[in-house]
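Student: Sharing a structure with you now.
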Amino acid sequence: MSEPLIRIEGVTKRFGAFQALHGIDIDIGRGEFFSLLGASGCGKTTLLRILAGIEEPSTGRLLIDGQDMVGVPPERRPTNMVFQSYAIFPHLNVEENIGYGLKNLKLSKADMQTRIGNAIEMVKLNGLDKRNAHALSGGQRQRVALARALVMQPKVLLLDEPLSALDKKLREEMQLELRAMQRTLGITFVFVTHDQEEAMTLSDRIAMMSGGRIMQLDTPKALYENPANREVAEFIGTMNLFPAKVTAAKDAVLSLDGGLLGPMAAPAAKGVAMGDMVQVAVRPERVSIEKPGPAGINRIAGRVKEAVYLGDRINYVLAAQGLDRPILATSANTSGEIYPLGTEVMATWDTEGARVLTS
Amino acid sequence: MKKGWGLTVYAVLFVAFVYGPVLILPLFSFNDNTFATFPLTGFTTRHYVDMLGQRQMIASLMNSLRIGLAVTVLATAIAIPAAISITRYRFPGKPAVLSMLMLPLVVPSIVLAVALLVIILRFLGLPLSLWTVAAGHVLVALPFCVSVLISRLEGFDQSLEEASRDLGCSPMQTFRRVTLPLAMPGVISSLLLGFIISFDEFVIAFFLTGTENTLPVYLYSQLRFPNKLPGTLALGSVILVVSTVLVITAEVIRKRGVQTDNPGDY
């Protein structure tokens with residue numbers, strides 16, 4: 001990556017006795033769509049507010065475009081934010097809300113009108129210029145908040161769960177619009193969300209956070225295909241986890257003993273040695289269901305507990321001996337055939353589809 | 001028999017108990033008799049004409065109005081920063097500060113009056129005047145003004161102020177462009193409340209005034225002269241009407257503020 005636009009170095013944040021962030025290091029590139037993903041309380045919003053200058057880090061450095069931002073108040077930062085509650089000024093109309101920040105820029109009246117007009121156009125609020133804030137729908141309020149921030153032409157746009165209050169259809173529509181807008185404008189977006197699907201849809205890269213730490217920072221594909229640990233694996237999509245002991249490591253392939261689950265094999269992973277207790281992780285779509293057959297490597301016998309027919313695919317829930325949790329398997333519906341409830345079947349997967357997780 | 005008739009009787013009695021004595025005032029003020037007794041003897045407006053002729057009474061009314069105005073402006077001006085710091089900032093000992101702000105509410109005014117008298121005469125060596133009354137009234141009005149403003153400032157989304165900062169406004173600009181306009185219904189309530197508290201106050205005014213009187217102190221001193229009573233009744237009626245209108249106005253403004261505030265509730 002060339003010189004990053006945002007550099008977060010060893011940032012910590014403490015609220016009284018509570019440590020909200022532990023030593024966060026992130027570089028975010030110019031024009032990147034970057035997401036902070038995690039469950040509530042993971043510190044993602046705190047980190048966003050530190051970028052905005054609403055909160056100051058307890059320790060650590062923050063650079064935006066090479067400038068040290070620590071101690072710089074929000075009004076003097078090249079960032080603008082879309083708040084989760086939208087924070088539309090209730091005493092102002094649409095136009096006044098969008099023009100709120102422009103008033104400080106000492107623009108000519110004509111310039112100001114042009115910029116407000118363009119912003120209204122961009123978020124498709126044409127004709128609502130004079131509408132009062134309290135007469136707007138949720139989706140319209142969200143658009144006003146977006147226009148109000150973008151009209152300031154920030155280097156970084158910060159978005160705090162901006163779509164979480166919208167219904168599913170509107171949310172999906174806005175996701176596409178946001179992504180298109182970000183590509184056209186070339187502005188760096190930092191997006192906070194707890195919705196892994198939303199993060200996957202939108203982001204160039206995602207920092208998955210938990211307990212004030214970054215669990216993994218990667219592209220959506222890498223997060224899904226190569227999760228760093230159990231927490232990431234289970235937060236992003238669903239994951240089958242089989243406990244096993246490493247018995248041999250040869251030619252980049254690990255041999256494992258799953259006890260009652262039988263022998264398994266998986267690609268070698270960093271820091272895994274003979275004798276380690278690990279989890280073999282397999283995505284449901286990597287698991288195929290077969291008629292009962294002989295035992296073998298990566299083969300677990302189970303019984304169909306639930307079969308959910310979804311048209312294009314079938315979701316199976318299997319009970320297996322030696323496992324507390326059921327095995328989940330998603331089969332593409334190629335034959336129109338379903339294994340009925342109670343059927344004895346065999347769950348199998350390819351060695352390349354498995355991952356070994358140590359924590 | 002309909003259910004809940006007991007409650008209806010209770011409600012009627014309650015209203016009669018609260019408003020009955022107050023309504024006696026306008027009733028006798030139109031009665032053509034020097035003494036406030038039943039039976040009523042006839043309709044007249046002469047007490048109102050008399051009232052206008054009582055120069056001392058009008059003078060004390062003006063004193064009360066002036067003090068009330070000064071007190072409420074001062075108390076509200078002091079209460080605004082206090083309410084902002086209570087609702088917007090984290091600082092050590094906040095609960096203690098809040099209860100100290102509210103303390104004058106529970107200190108009996110007679111105690112407060114004596115304490116203030118001692119301080120003003122002994123320690124400050126100031127002469128008693130309408131100004132010392134006003135100072136005492138600011139003290140009494142302050143907790144009311146602060147609590148009205150606190151509830152107002154707590155009532156709106158604080159991210160509005162953060163958004164204003166984010167969009168380039170300094171803390172002062174944010175106060176002027178967001179906080180104050182949104183707190184305005186609270187500020188108006190605070191102004192009305194402060195005024196009424198001062199206008200109505202007797203004990204502190206009685207202790208701390210010099211040669212000039214406020215209206216309550218004047219009225220009390222006139223109770224010895226029965227022929228002055230009808231004029232007093234007339235004035236009382238006028239004040240009753242004016243303060244009712246003020247209180248209703250304040251409530252309407254407050255309600256309207258609450259309605260327009262939360263457009264986010266969809």
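We label chains A, B, ... in the order they appear in the structure tokens, count residues from 1 in each chain, and number ligands from 1 in the order shown.
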Return as JSON lines the residues of region 140-166 of chain A lying at most 12 Å from region 159-175 of chain B, together with the closest atom-to-atom pair for each and the distance in Å to one decimal, counting only C-alpha atoms, with rows in chain order and ascending residue number.
Tutor:
```
{"residue": "A:Ala145", "atom": "CA", "partner": "B:Ala163", "partner_atom": "CA", "distance": 9.5}
{"residue": "A:Leu146", "atom": "CA", "partner": "B:Ala163", "partner_atom": "CA", "distance": 11.8}
{"residue": "A:Ala147", "atom": "CA", "partner": "B:Leu167", "partner_atom": "CA", "distance": 11.7}
{"residue": "A:Arg148", "atom": "CA", "partner": "B:Leu167", "partner_atom": "CA", "distance": 8.3}
{"residue": "A:Ala149", "atom": "CA", "partner": "B:Leu167", "partner_atom": "CA", "distance": 7.3}
{"residue": "A:Leu150", "atom": "CA", "partner": "B:Leu167", "partner_atom": "CA", "distance": 10.3}
{"residue": "A:Val151", "atom": "CA", "partner": "B:Leu167", "partner_atom": "CA", "distance": 9.9}
{"residue": "A:Met152", "atom": "CA", "partner": "B:Leu167", "partner_atom": "CA", "distance": 7.6}
{"residue": "A:Gln153", "atom": "CA", "partner": "B:Leu167", "partner_atom": "CA", "distance": 10.8}
{"residue": "A:Pro154", "atom": "CA", "partner": "B:Leu167", "partner_atom": "CA", "distance": 9.9}
{"residue": "A:Val156", "atom": "CA", "partner": "B:Asp166", "partner_atom": "CA", "distance": 12.0}
{"residue": "A:Leu157", "atom": "CA", "partner": "B:Asp166", "partner_atom": "CA", "distance": 11.0}
{"residue": "A:Leu158", "atom": "CA", "partner": "B:Asp166", "partner_atom": "CA", "distance": 10.4}
{"residue": "A:Asp160", "atom": "CA", "partner": "B:Ser159", "partner_atom": "CA", "distance": 11.7}
```
Student: Just the selected residues (C-alpha atoms), exported as a short mmCIF file (atom, residue, chain, number, x, y, z; two decimals), in the first residue's frame, please.
Tutor:
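This is the output file part_11.cif:
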```cif
data_model
loop_
_atom_site.label_atom_id
_atom_site.label_comp_id
_atom_site.auth_asym_id
_atom_site.auth_seq_id
_atom_site.Cartn_x
_atom_site.Cartn_y
_atom_site.Cartn_z
CA ALA A 145 -27.42 12.81 7.15
CA LEU A 146 -25.34 11.44 4.28
CA ALA A 147 -25.72 14.58 2.15
CA ARG A 148 -24.93 16.83 5.11
CA ALA A 149 -21.62 15.04 5.65
CA LEU A 150 -20.65 14.62 1.97
CA VAL A 151 -21.36 18.25 1.11
CA MET A 152 -18.39 19.13 3.32
CA GLN A 153 -16.13 17.19 0.92
CA PRO A 154 -14.29 15.37 3.71
CA VAL A 156 -12.76 10.60 5.25
CA LEU A 157 -16.44 9.82 5.66
CA LEU A 158 -17.26 8.04 8.92
CA ASP A 160 -21.79 4.63 12.35
#
```
Student: Can you tell me, as a list of chain:residue names, what residues are no more than 9 Å from Ala249 (chain A) when counting only C-alpha atoms, ignoring any on the same chain fewer than 5 positions away?
Tutor: A:Leu254, A:Ser255, A:Leu256, A:Ala268, A:Val272, A:Ala273, A:Met274
Student: Go ahead and write the selection's residues with N, CA, C and O atoms as a short mmCIF file (atom, residue, chain, number, x, y, z; two decimals), in the first residue's frame.
Tutor:
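Wrote it out as part.cif, contents follow:
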```cif
data_model
loop_
_atom_site.label_atom_id
_atom_site.label_comp_id
_atom_site.auth_asym_id
_atom_site.auth_seq_id
_atom_site.Cartn_x
_atom_site.Cartn_y
_atom_site.Cartn_z
N LEU A 254 -1.84 -31.91 7.51
CA LEU A 254 -1.87 -32.39 8.88
C LEU A 254 -2.78 -33.62 8.95
O LEU A 254 -3.85 -33.64 8.34
N SER A 255 -2.34 -34.62 9.69
CA SER A 255 -3.23 -35.73 10.01
C SER A 255 -3.73 -35.53 11.42
O SER A 255 -2.97 -35.13 12.32
N LEU A 256 -5.04 -35.76 11.62
CA LEU A 256 -5.61 -35.51 12.93
C LEU A 256 -6.45 -36.68 13.37
O LEU A 256 -7.00 -37.42 12.56
N ALA A 268 -1.81 -27.70 6.38
CA ALA A 268 -0.97 -27.28 7.50
C ALA A 268 -1.24 -25.82 7.85
O ALA A 268 -1.61 -25.02 6.99
N VAL A 272 1.15 -24.84 14.37
CA VAL A 272 0.50 -26.08 14.81
C VAL A 272 1.54 -27.19 14.80
O VAL A 272 2.23 -27.41 13.80
N ALA A 273 1.66 -27.88 15.95
CA ALA A 273 2.67 -28.93 16.05
C ALA A 273 2.03 -30.25 16.46
O ALA A 273 0.86 -30.27 16.86
N MET A 274 2.78 -31.30 16.33
CA MET A 274 2.33 -32.64 16.73
C MET A 274 1.82 -32.63 18.16
O MET A 274 2.40 -32.02 19.05
#
```
Student: Applying 12 Å and only C-alpha atoms, which residues near Pro143 (chain B) remain after dropping the ones on its own chain fewer than 6 positions away? List them as a count of residues only.
Tutor: 26
Student: Quick check: residues of chain A within 10 Å of chain B, only C-alpha atoms, returned as a ChimeraX atom specification.
Tutor: /A:49,52-54,73-92,98-105,132-138,141,145,148-149,151-152,154
Student: Output the selection as a short mmCIF file (atom, residue, chain, number, x, y, z; two decimals), in the first residue's frame - C-alpha atoms for each residue.
Tutor:
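Result went into result-v7.cif, see below:
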```
data_model
loop_
_atom_site.label_atom_id
_atom_site.label_comp_id
_atom_site.auth_asym_id
_atom_site.auth_seq_id
_atom_site.Cartn_x
_atom_site.Cartn_y
_atom_site.Cartn_z
CA ARG A 49 -15.52 8.48 17.44
CA ALA A 52 -13.98 11.94 14.32
CA GLY A 53 -12.39 13.66 17.33
CA ILE A 54 -15.48 13.30 19.52
CA PRO A 73 -11.13 19.12 17.86
CA PRO A 74 -13.76 17.56 15.55
CA GLU A 75 -14.51 20.88 13.84
CA ARG A 76 -10.94 21.07 12.54
CA ARG A 77 -10.61 17.51 11.24
CA PRO A 78 -10.95 16.51 7.58
CA THR A 79 -13.57 13.95 8.60
CA ASN A 80 -17.35 14.01 8.61
CA MET A 81 -19.69 11.56 10.21
CA VAL A 82 -23.07 9.97 9.56
CA PHE A 83 -24.45 9.26 13.03
CA GLN A 84 -26.35 6.14 13.96
CA SER A 85 -29.32 8.24 15.10
CA TYR A 86 -28.71 10.44 12.01
CA ALA A 87 -28.70 13.49 14.34
CA ILE A 88 -30.82 15.55 11.96
CA PHE A 89 -31.31 19.02 13.46
CA PRO A 90 -35.03 19.03 14.30
CA HIS A 91 -35.37 22.82 14.15
CA LEU A 92 -34.06 23.04 10.58
CA ILE A 98 -27.46 19.99 4.55
CA GLY A 99 -26.09 23.55 4.46
CA TYR A 100 -25.34 23.56 8.20
CA GLY A 101 -21.60 23.00 7.92
CA LEU A 102 -21.18 25.08 4.75
CA LYS A 103 -22.12 28.22 6.68
CA ASN A 104 -18.75 28.05 8.40
CA LEU A 105 -16.88 27.97 5.11
CA ASN A 132 -39.11 19.95 7.93
CA ALA A 133 -36.89 17.42 9.65
CA HIS A 134 -39.75 15.85 11.60
CA ALA A 135 -41.76 15.21 8.43
CA LEU A 136 -39.08 12.89 6.98
CA SER A 137 -39.15 9.10 6.87
CA GLY A 138 -36.29 7.02 8.24
CA ARG A 141 -33.40 11.15 7.27
CA ALA A 145 -27.42 12.81 7.15
CA ARG A 148 -24.93 16.83 5.11
CA ALA A 149 -21.62 15.04 5.65
CA VAL A 151 -21.36 18.25 1.11
CA MET A 152 -18.39 19.13 3.32
CA PRO A 154 -14.29 15.37 3.71
#
```
Student: Which residues come within 10 Å of Pro185 (chain B), counting only C-alpha atoms, excluding same-chain residues fewer than 4 positions away, as a PyMOL selection string?
Tutor: chain B and resi 148-149+152+180-181+189-191+250-258
Student: As a list in words, please: the residues near Ala180 (chain A) (cut-off 12 Å, only C-alpha atoms, same-chain neighbours under 4 positions excluded).
Tutor: Phe33, Met122, Val123, Glu173, Met174, Gln175, Leu176, Thr184, Leu185, Gly186, Ile187, Phe189, Thr201, Leu202 and Ser203 of chain A
Student: For all heavy atoms, I'd like the residues from the last selection saved as a CSV table (one decimal), in the first residue's frame.
Tutor:
```
chain,number,residue,atom,x,y,z
A,33,PHE,N,-12.8,1.5,1.0
A,33,PHE,CA,-14.0,1.3,1.8
A,33,PHE,C,-13.7,0.3,2.9
A,33,PHE,O,-13.5,-0.9,2.7
A,33,PHE,CB,-15.1,0.7,0.9
A,33,PHE,CG,-16.5,1.0,1.5
A,33,PHE,CD1,-17.5,1.6,0.8
A,33,PHE,CD2,-16.8,0.5,2.8
A,33,PHE,CE1,-18.8,1.8,1.3
A,33,PHE,CE2,-18.1,0.7,3.3
A,33,PHE,CZ,-19.0,1.4,2.6
A,122,MET,N,-27.6,14.2,-5.4
A,122,MET,CA,-26.9,12.9,-5.2
A,122,MET,C,-27.6,11.9,-4.3
A,122,MET,O,-27.5,10.7,-4.6
A,122,MET,CB,-25.5,13.3,-4.6
A,122,MET,CG,-24.6,12.1,-4.4
A,122,MET,SD,-22.9,12.5,-4.1
A,122,MET,CE,-23.1,13.5,-2.6
A,123,VAL,N,-28.2,12.4,-3.3
A,123,VAL,CA,-28.9,11.5,-2.4
A,123,VAL,C,-30.4,11.3,-2.8
A,123,VAL,O,-31.2,10.8,-2.0
A,123,VAL,CB,-28.8,11.9,-0.9
A,123,VAL,CG1,-27.3,11.8,-0.5
A,123,VAL,CG2,-29.4,13.2,-0.6
A,173,GLU,N,-30.8,-1.7,-0.8
A,173,GLU,CA,-30.8,-0.6,-1.8
A,173,GLU,C,-29.7,0.4,-1.5
A,173,GLU,O,-28.9,0.8,-2.3
A,173,GLU,CB,-32.2,0.1,-1.8
A,173,GLU,CG,-32.8,0.3,-3.2
A,173,GLU,CD,-34.2,0.9,-2.9
A,173,GLU,OE1,-35.1,0.1,-2.8
A,173,GLU,OE2,-34.3,2.2,-2.9
A,174,MET,N,-29.7,0.8,-0.2
A,174,MET,CA,-28.8,1.8,0.2
A,174,MET,C,-27.3,1.3,0.2
A,174,MET,O,-26.4,2.0,-0.1
A,174,MET,CB,-29.1,2.3,1.6
A,174,MET,CG,-30.2,3.3,1.8
A,174,MET,SD,-30.0,4.7,0.7
A,174,MET,CE,-28.5,5.5,1.3
A,175,GLN,N,-27.2,0.0,0.4
A,175,GLN,CA,-25.8,-0.6,0.4
A,175,GLN,C,-25.2,-0.4,-1.0
A,175,GLN,O,-24.1,0.1,-1.2
A,175,GLN,CB,-25.9,-2.1,0.7
A,175,GLN,CG,-26.0,-2.4,2.2
A,175,GLN,CD,-26.2,-3.8,2.5
A,175,GLN,OE1,-26.2,-4.7,1.6
A,175,GLN,NE2,-26.4,-4.2,3.7
A,176,LEU,N,-26.0,-0.7,-2.0
A,176,LEU,CA,-25.5,-0.6,-3.4
A,176,LEU,C,-25.3,0.9,-3.7
A,176,LEU,O,-24.2,1.2,-4.3
A,176,LEU,CB,-26.6,-1.1,-4.4
A,176,LEU,CG,-26.8,-2.6,-4.3
A,176,LEU,CD1,-27.9,-3.1,-5.3
A,176,LEU,CD2,-25.5,-3.4,-4.6
A,184,THR,N,-17.5,6.6,-7.0
A,184,THR,CA,-17.6,7.8,-7.8
A,184,THR,C,-16.8,8.9,-7.2
A,184,THR,O,-16.0,9.6,-7.8
A,184,THR,CB,-19.0,8.3,-8.0
A,184,THR,OG1,-19.9,7.2,-8.0
A,184,THR,CG2,-19.2,9.1,-9.3
A,185,LEU,N,-17.0,9.1,-5.9
A,185,LEU,CA,-16.4,10.2,-5.2
A,185,LEU,C,-14.9,9.9,-4.8
A,185,LEU,O,-14.1,10.9,-4.7
A,185,LEU,CB,-17.1,10.5,-3.9
A,185,LEU,CG,-18.6,11.0,-4.1
A,185,LEU,CD1,-19.3,11.0,-2.7
A,185,LEU,CD2,-18.6,12.3,-4.7
A,186,GLY,N,-14.6,8.7,-4.7
A,186,GLY,CA,-13.2,8.3,-4.3
A,186,GLY,C,-12.8,8.7,-2.9
A,186,GLY,O,-11.6,8.8,-2.6
A,187,ILE,N,-13.8,9.0,-2.1
A,187,ILE,CA,-13.5,9.3,-0.7
A,187,ILE,C,-13.3,8.1,0.1
A,187,ILE,O,-13.9,7.0,-0.2
A,187,ILE,CB,-14.7,10.1,-0.1
A,187,ILE,CG1,-14.9,11.5,-0.8
A,187,ILE,CG2,-14.6,10.3,1.4
A,187,ILE,CD1,-16.1,12.2,-0.3
A,189,PHE,N,-14.1,5.7,3.0
A,189,PHE,CA,-15.2,5.5,3.9
A,189,PHE,C,-14.7,4.6,5.0
A,189,PHE,O,-14.1,3.5,4.8
A,189,PHE,CB,-16.3,4.7,3.2
A,189,PHE,CG,-17.3,5.6,2.4
A,189,PHE,CD1,-16.8,6.8,1.7
A,189,PHE,CD2,-18.6,5.3,2.2
A,189,PHE,CE1,-17.6,7.6,1.0
A,189,PHE,CE2,-19.5,6.1,1.5
A,189,PHE,CZ,-19.0,7.2,0.8
A,201,THR,N,-20.5,-7.2,1.8
A,201,THR,CA,-21.1,-6.6,0.6
A,201,THR,C,-20.3,-5.3,0.2
A,201,THR,O,-20.0,-5.1,-0.9
A,201,THR,CB,-22.5,-6.2,0.8
A,201,THR,OG1,-23.2,-7.3,1.3
A,201,THR,CG2,-23.2,-5.7,-0.5
A,202,LEU,N,-20.0,-4.5,1.2
A,202,LEU,CA,-19.5,-3.2,1.0
A,202,LEU,C,-18.0,-3.0,0.9
A,202,LEU,O,-17.5,-2.2,0.2
A,202,LEU,CB,-20.0,-2.2,2.0
A,202,LEU,CG,-21.5,-1.9,2.0
A,202,LEU,CD1,-21.9,-1.2,3.3
A,202,LEU,CD2,-21.9,-1.2,0.8
A,203,SER,N,-17.3,-3.8,1.7
A,203,SER,CA,-15.9,-3.4,2.1
A,203,SER,C,-14.8,-3.9,1.2
A,203,SER,O,-14.9,-5.0,0.6
A,203,SER,CB,-15.6,-3.9,3.5
A,203,SER,OG,-16.7,-3.7,4.3
```
Student: Report the distance between CA of Leu121 (chain B) and CA of Gly210 (chain B) in Å, rounded to one decimal place.
Tutor: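 So the answer is 11.7 Å.
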Student: Could you tell me how far CA of Thr238 (chain A) sits from CA of Pro326 (chain A), in Å to one decimal place?
Tutor: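 Separation between CA of Pro326 (chain A) and CA of Thr238 (chain A): 12.1 Å.
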Student: From the options A:Leu128, A:Met346, A:Val356, A:Cys42, which residue's atoms come nearest to Asn226 (chain A), counting only C-alpha atoms?
Tutor: A:Val356
Student: Which value, in Å to one decimal, gives the distance between CA of Ala207 (chain A) and CA of Asp65 (chain A)?
Tutor: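 Between CA of Ala207 (chain A) and CA of Asp65 (chain A) the gap works out to 20.2 Å.
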Student: Mind checking which residues fall within 12 Å of Thr12 (chain A), counting only C-alpha atoms, ignoring those fewer than 3 positions away in the same chain, and posting them as a list in words?
Tutor: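 The filter keeps Ile8, Glu9, Phe15, Phe18, Gln19, Ala20, Leu21, His22, Gly23, Ile24, Asp25, Gly43, Thr46, Leu47, Ile50, Glu55, Glu56, Pro57, Ser58, Thr59, Gly60, Arg61, Leu62, Gly212, Arg213 and Ile214 of chain A.
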Student: Report as a PyMOL selection string all protein, DNA and RNA residues lying within 9 Å of Glu95 (chain A), evaluated on only C-alpha atoms, omitting residues in the same chain fewer than 6 positions from it.
Tutor: chain A and resi 116-117+120+128-131+144
Student: Write down as a VMD selection string the residues of region 131-236 of chain B whose backbone DSSP state falls under alpha helix (DSSP H).
Tutor: chain B and resid 131 to 154 159 to 166 171 to 174 180 to 200 203 to 208 215 to 222 229 to 236
Student: Given only C-alpha atoms as the basis, pick out the residue of A:Ala248, A:Val72, A:Val94, A:Met208 nearest to Leu36 (chain A).
Tutor: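 Closest to Leu36 (chain A) of all the choices is A:Met208.
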